[in-house]
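The structure appears right after this line, and notes come after that.
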Amino acid sequence: MVVSQDQGRYSMNNLPAGNYTVQGIGNGFQSKLTQVALAEGKPATADVALTEKQGDPLPNGWIRSPGRVAGNELDHELQPPNLPAGVGKAIVEQKCGQCHFLHRLTQMRWSHENWEKKIAWMRERIHERPGAVDLTDQEEKTVVDYLAANFSNTTPKPDPNSRLSRTALQGAAAKYIAVDYEIPNTDAALHDVTVDPRGVAWVNQLNQYKIGKFDPRTYEWTDIPLPPGPRKIGVLDHAGPPVRGVGDTIWFTEVGNNRRWFSFDTKYQEFTSYPAQAGFTGPMTGNSIKVDPNGKMVWSTTRNRIVGLNIQTKQFVAYEMPHFTQTKQNPGGYGIDVAGDGMVWFAEREANKIGRLDPTSGKIDEYKTPGNDIPRRMGSDWEGNIWVGFHESSKLVKIDPESGKFTYYDPPTPNNGAYHMVADHKNKVIWVTLQTADKIARFNPKTETWTEYSLPIVESDARRIEIDPSNPNRIWWSGDTSSHLGFIEVLDQ
């Protein structure tokens with residue numbers, strides 16, 4: 001996606017040969033679709049006219065929940081969904097609702113094959129819920145058929161232009177390009193992205209036992225299976241969120257039976273496994289992972305504790321969150337980052353708290369947020385401040401690491417679902433995903449100036465973002481439920 005400049009002119013460069021569809025959108029109007037064949041080494045031209053009205057705007061909101069920012073952690077506030085009629089509805093209402101609210105499954109769009117895997121995975125884990133009654137084999141088949149018929153990957157999607165701007169972009173907001181890529185397997189679920197020193201993107205796939213590689217120079221997608229482990233893998237075992245480490249290395253956990261973490265050399269594509277030592281029990285994988293800047297430790301959240309790996313000794317250590325110790329309720333460990341002073345900061349999504357771990361003493365301090373804010377992910381800046389996305393209240397929050405003081409900033413777009421922050425140490429700006437608005441925003445803390453950039457598709461579900469180390473003007477994103485990834489590249493820095 002490009003933004004037209006003076007006199008409505010636009011250009012797209014470095015495209016591979018092939019057949020393209022071009023459409024113009026602006027000022028509440030759009031053009032008809034124009035087909036363009038691009039031959040190798042030859043330019044092509046497409047003129048468009050904004051003769052049709054842009055489709056109705058889609059209110060900002062969680063996936064398949066326009067108008068409601070909240071994710072599934074607040075499903076308890078809602079009445080049960082009105083499921084479509086059909087054979088299987090009663091079984092879904094009776095048995096699927098034993099373990100989770102039914103809104104979650106109504107937001108998914110999967111193939112029949114992936115619904116089979118999901119329901120098999122649920123049956124693998126139903127013993128974890130005391131008193132829950134398992135499906136019979138016949139009920140499993142009926143439920144899969146019902147869900148695949150009503151919540152399929154072929155279900156019509158909202159108008160792809162329904163969250164794009166309806167007014168002419170001005171200034172810095174018009175100085176960017178955006179690339180969106182849909183991978184071959186629409187069931188994959190690309191939850192997190194990281195980028196290696198050569199500008200190649202790497203993602204985990206929640207529904208595949210693989211990591212994915214996307215090269216923006218060739219537009220080539222590659223699946224790389226995880227190496228076999230000592231135990232039989234579960235139906236939906238998968239790689240956890242990836243994060244860039246030292247040099248060509250990325251790190252990620254393995255979610256499932258094998259209880260191990262990995263480092264992966266992106267240049268030579270070699271895995272190194274770090275299995276949990278004998279006697280180390282309890283959860284060891286979660287939503288986010290971070291490598292300490294000193295290169296000695298890797299840290300991850302889990303639902304109720306912080307887990308660290310000493311890279312040299314290959315030993316794991318864990319620190320229970322005080323909220324869990326005191327209440328025995330799940331605090332929902334989520335985002336994590338390591339500040340310049342070595343302190344490990346993390347979000348407790350369910351408890352609405354921010355935690356700080358001192359790895360030297362093992363002491364954890366917790367800071368309550370003002371309300372039902374749902375803190376998600378975070379990043380530290382060039383001054384040591386911690387920046388967090390308050391998803392439900394749609395705020396960017398700065399935390400002073402010395403005093404614990406919270407300072408709040410409101411992006412221009414309301415109901416934006418602020419999700420993940422990344423600090424650009426070179427340009428002294430903060431990047432944030434506005435997940436429920438299909439935007440990525442740039443914030444200058446010195447001038448308190450915002451610039452927002454729309455993504456090319458609706459319900460992109462962009463969550464984690466990453467600054468490209470080979471091009472700091474390029475910000476990568478990946479979409480969980482959309483199975484898309486891509487980047488924006490700003491042209492004014």
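How things are named: the first chain in the structure tokens is A, the next is B, and so on; residues count from 1 in each chain; ligands count from 1 in the order shown.
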
(message) Considering only strand (DSSP E) as DSSP defines it on the backbone, what residues of stretch 229-444 of chain A qualify? List them as JSON, numbers by chain.
(response) {"A": [238, 239, 243, 244, 249, 250, 251, 252, 253, 254, 255, 260, 261, 262, 263, 264, 265, 270, 271, 272, 273, 274, 275, 289, 290, 291, 297, 298, 299, 300, 301, 305, 306, 307, 308, 309, 310, 315, 316, 317, 318, 319, 320, 333, 334, 335, 336, 337, 338, 344, 345, 346, 347, 348, 353, 354, 355, 356, 357, 364, 365, 366, 367, 368, 375, 376, 377, 378, 379, 380, 386, 387, 388, 389, 390, 395, 396, 397, 398, 399, 406, 407, 408, 409, 418, 419, 420, 421, 422, 423, 424, 429, 430, 431, 432, 433, 434, 439, 440, 441, 442, 443, 444]}

Under the rule of at most 6 Å, produce a per-residue listing of stretch 368-393 of chain A near stretch 412-423 of chain A: chain, number, name, the closest pair of atoms, and the distance in Å, as a Markdown table, using only C-alpha atoms.
| residue | atom | partner | partner_atom | distance |
| --- | --- | --- | --- | --- |
| A:Arg376 | CA | A:Tyr419 | CA | 5.8 |
| A:Arg377 | CA | A:His420 | CA | 4.6 |
| A:Met378 | CA | A:Met421 | CA | 5.2 |
| A:Gly379 | CA | A:Val422 | CA | 5.3 |
| A:Asp381 | CA | A:Ala423 | CA | 5.2 |
| A:Gly389 | CA | A:Tyr419 | CA | 4.8 |
| A:Phe390 | CA | A:Ala418 | CA | 5.9 |
| A:His391 | CA | A:Gly417 | CA | 4.4 |

Save out the residues we just selected, N, CA and C atoms, as a compact mmCIF listing (two decimals), in the first residue's frame.
# COMPACT_ATOMS: atom_id res chain seq x y z
N ARG A 376 -0.88 -5.09 28.60
CA ARG A 376 -0.46 -6.20 27.74
C ARG A 376 1.06 -6.25 27.60
N ARG A 377 1.62 -5.56 26.60
CA ARG A 377 3.06 -5.72 26.36
C ARG A 377 3.82 -4.42 26.55
N MET A 378 5.13 -4.54 26.62
CA MET A 378 5.92 -3.39 27.05
C MET A 378 7.29 -3.36 26.40
N GLY A 379 7.95 -2.21 26.56
CA GLY A 379 9.32 -2.03 26.09
C GLY A 379 9.97 -0.92 26.89
N ASP A 381 12.83 2.32 27.13
CA ASP A 381 13.38 3.31 26.21
C ASP A 381 14.83 3.64 26.55
N GLY A 389 1.29 -0.92 27.00
CA GLY A 389 -0.01 -0.72 26.38
C GLY A 389 -1.11 -1.14 27.32
N PHE A 390 -2.00 -0.21 27.68
CA PHE A 390 -3.21 -0.53 28.43
C PHE A 390 -4.31 -0.77 27.41
N HIS A 391 -4.60 -2.03 27.16
CA HIS A 391 -5.44 -2.41 26.03
C HIS A 391 -6.88 -1.95 26.19

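Neighbours of A:Lys446 closer than or equal to 12 Å, with only C-alpha atoms counted and sequence neighbours fewer than 6 positions away skipped, come out as Asn427, Lys428, Val429 and Ile430 of chain A.
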
Keeping N, CA and C atoms for every residue in the selection just given, could you write it to a file as a compact mmCIF listing (two decimals), in the first residue's frame?
# COMPACT_ATOMS: atom_id res chain seq x y z
N ASN A 427 16.01 7.32 16.91
CA ASN A 427 15.16 8.46 16.59
C ASN A 427 14.39 8.99 17.79
N LYS A 428 14.54 8.32 18.95
CA LYS A 428 13.92 8.76 20.20
C LYS A 428 12.39 8.86 20.08
N VAL A 429 11.79 7.79 19.54
CA VAL A 429 10.34 7.72 19.44
C VAL A 429 9.87 6.36 19.95
N ILE A 430 8.59 6.30 20.28
CA ILE A 430 7.96 5.06 20.74
C ILE A 430 6.98 4.61 19.67

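Backbone DSSP over stretch 210-376 of chain A yields helix (DSSP H, G or I) at Pro322, His323, Phe324, Thr325, Gln326 and Thr327 of chain A.
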
Could you dump the residues just selected with N, CA and C atoms as a PDB file, in the first residue's frame?
ATOM      1  N   PRO A 322       3.709 -12.349  43.309  1.00  0.00           N
ATOM      2  CA  PRO A 322       3.072 -12.200  44.621  1.00  0.00           C
ATOM      3  C   PRO A 322       1.548 -12.271  44.561  1.00  0.00           C
ATOM      4  N   HIS A 323       0.947 -11.744  43.511  1.00  0.00           N
ATOM      5  CA  HIS A 323      -0.508 -11.797  43.408  1.00  0.00           C
ATOM      6  C   HIS A 323      -0.992 -13.238  43.470  1.00  0.00           C
ATOM      7  N   PHE A 324      -0.289 -14.144  42.806  1.00  0.00           N
ATOM      8  CA  PHE A 324      -0.678 -15.554  42.835  1.00  0.00           C
ATOM      9  C   PHE A 324      -0.404 -16.157  44.208  1.00  0.00           C
ATOM     10  N   THR A 325       0.729 -15.828  44.793  1.00  0.00           N
ATOM     11  CA  THR A 325       1.071 -16.361  46.114  1.00  0.00           C
ATOM     12  C   THR A 325       0.004 -15.988  47.141  1.00  0.00           C
ATOM     13  N   GLN A 326      -0.468 -14.759  47.051  1.00  0.00           N
ATOM     14  CA  GLN A 326      -1.401 -14.245  48.053  1.00  0.00           C
ATOM     15  C   GLN A 326      -2.845 -14.655  47.799  1.00  0.00           C
ATOM     16  N   THR A 327      -3.249 -14.767  46.547  1.00  0.00           N
ATOM     17  CA  THR A 327      -4.667 -15.015  46.246  1.00  0.00           C
ATOM     18  C   THR A 327      -4.950 -16.381  45.637  1.00  0.00           C
TER      19      THR A 327
END

(message) Need the shell around A:Thr106: protein/DNA/RNA residues with any atom at most 12 Å away, counting only C-alpha atoms. Skip same-chain ones fewer than 2 positions apart. Format as a PyMOL selection string?
(response) chain A and resi 63-65+72+75+80-84+89+92-93+96+100-104+108-110+146-152+155

Surrounding residues of stretch 239-253 of chain A excluding itself and chain neighbours under 4 positions, 7 Å, only C-alpha atoms, as a PDB file with C-alpha atoms, in the first residue's frame:
ATOM      1  CA  ASP A 192       4.659 -12.917  17.151  1.00  0.00           C
ATOM      2  CA  VAL A 193       7.355 -11.625  14.841  1.00  0.00           C
ATOM      3  CA  THR A 194      11.041 -10.831  15.219  1.00  0.00           C
ATOM      4  CA  VAL A 195      13.566  -9.711  12.618  1.00  0.00           C
ATOM      5  CA  ASP A 196      17.157 -10.843  12.095  1.00  0.00           C
ATOM      6  CA  PRO A 197      20.126  -8.569  11.232  1.00  0.00           C
ATOM      7  CA  VAL A 203       7.341 -15.856  13.314  1.00  0.00           C
ATOM      8  CA  ASN A 204       5.867 -18.523  15.526  1.00  0.00           C
ATOM      9  CA  GLN A 205       2.726 -20.336  14.409  1.00  0.00           C
ATOM     10  CA  TYR A 209       4.840 -27.263  15.012  1.00  0.00           C
ATOM     11  CA  LYS A 210       7.014 -24.920  12.951  1.00  0.00           C
ATOM     12  CA  ILE A 211       8.524 -21.490  12.823  1.00  0.00           C
ATOM     13  CA  ARG A 260      12.446 -26.864  26.496  1.00  0.00           C
ATOM     14  CA  TRP A 261      13.522 -23.538  25.059  1.00  0.00           C
ATOM     15  CA  PHE A 262      15.430 -22.928  21.847  1.00  0.00           C
ATOM     16  CA  SER A 263      17.995 -20.606  20.411  1.00  0.00           C
ATOM     17  CA  PHE A 264      18.059 -20.596  16.624  1.00  0.00           C
ATOM     18  CA  ASP A 265      20.850 -19.359  14.367  1.00  0.00           C
ATOM     19  CA  THR A 266      19.005 -17.535  11.591  1.00  0.00           C
ATOM     20  CA  LYS A 267      22.052 -17.473   9.316  1.00  0.00           C
ATOM     21  CA  THR A 285       6.249 -20.882  28.759  1.00  0.00           C
ATOM     22  CA  ASN A 287       3.018 -14.922  26.179  1.00  0.00           C
ATOM     23  CA  SER A 288       6.332 -13.041  25.927  1.00  0.00           C
ATOM     24  CA  ILE A 289      10.077 -13.623  26.057  1.00  0.00           C
ATOM     25  CA  LYS A 290      13.031 -11.240  26.316  1.00  0.00           C
ATOM     26  CA  VAL A 291      16.812 -11.567  26.199  1.00  0.00           C
ATOM     27  CA  GLY A 295      23.291 -11.593  26.876  1.00  0.00           C
TER      28      GLY A 295
END

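Straight-line separation from atom CA of A:Leu135 to atom CA of A:Ala189: 25.4 Å.
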
Skip A:Lys175 itself and residues of its chain fewer than 6 positions away, then list as a tab-separated table (two decimals) with C-alpha atoms, in the first residue's frame all residues within 9 Å of it, counting only C-alpha atoms.
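What landed in around34.tsv:
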chain	number	residue	atom	x	y	z
A	2	VAL	CA	1.29	3.45	-0.94
A	3	VAL	CA	-0.02	6.97	-0.34
A	5	GLN	CA	1.50	12.47	-3.37
A	169	LEU	CA	-3.70	12.11	4.84
A	489	GLU	CA	8.14	1.89	6.28
A	490	VAL	CA	8.15	5.58	7.14
A	491	LEU	CA	9.70	7.98	4.66
A	492	ASP	CA	10.15	11.07	6.84

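Between atom CA of A:Ala437 and atom CA of A:Trp477 the separation is 13.8 Å.
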
(request) Please provide as number ranges by chain all residues within 10 Å of A:Gly67, with the sequence filter that same-chain residues fewer than 4 positions apart are discarded (counting only C-alpha atoms). (result) A: 58-62, 415, 436

(request) To one decimal in Å, tell me the separation between atom CA of A:Pro184 and atom CA of A:Ile457. (result) 16.7 Å

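Between A:Ser403 and the residues A:Glu116, A:Ser380, A:Gly71, A:Tyr367, the shortest atom-to-atom distance, using only C-alpha atoms, involves A:Tyr367.
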
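Distances from A:Asp410, A:Glu40, A:Glu52, A:Asp292 to A:Gly26 were compared using only C-alpha atoms, and the smallest one belongs to A:Glu52.
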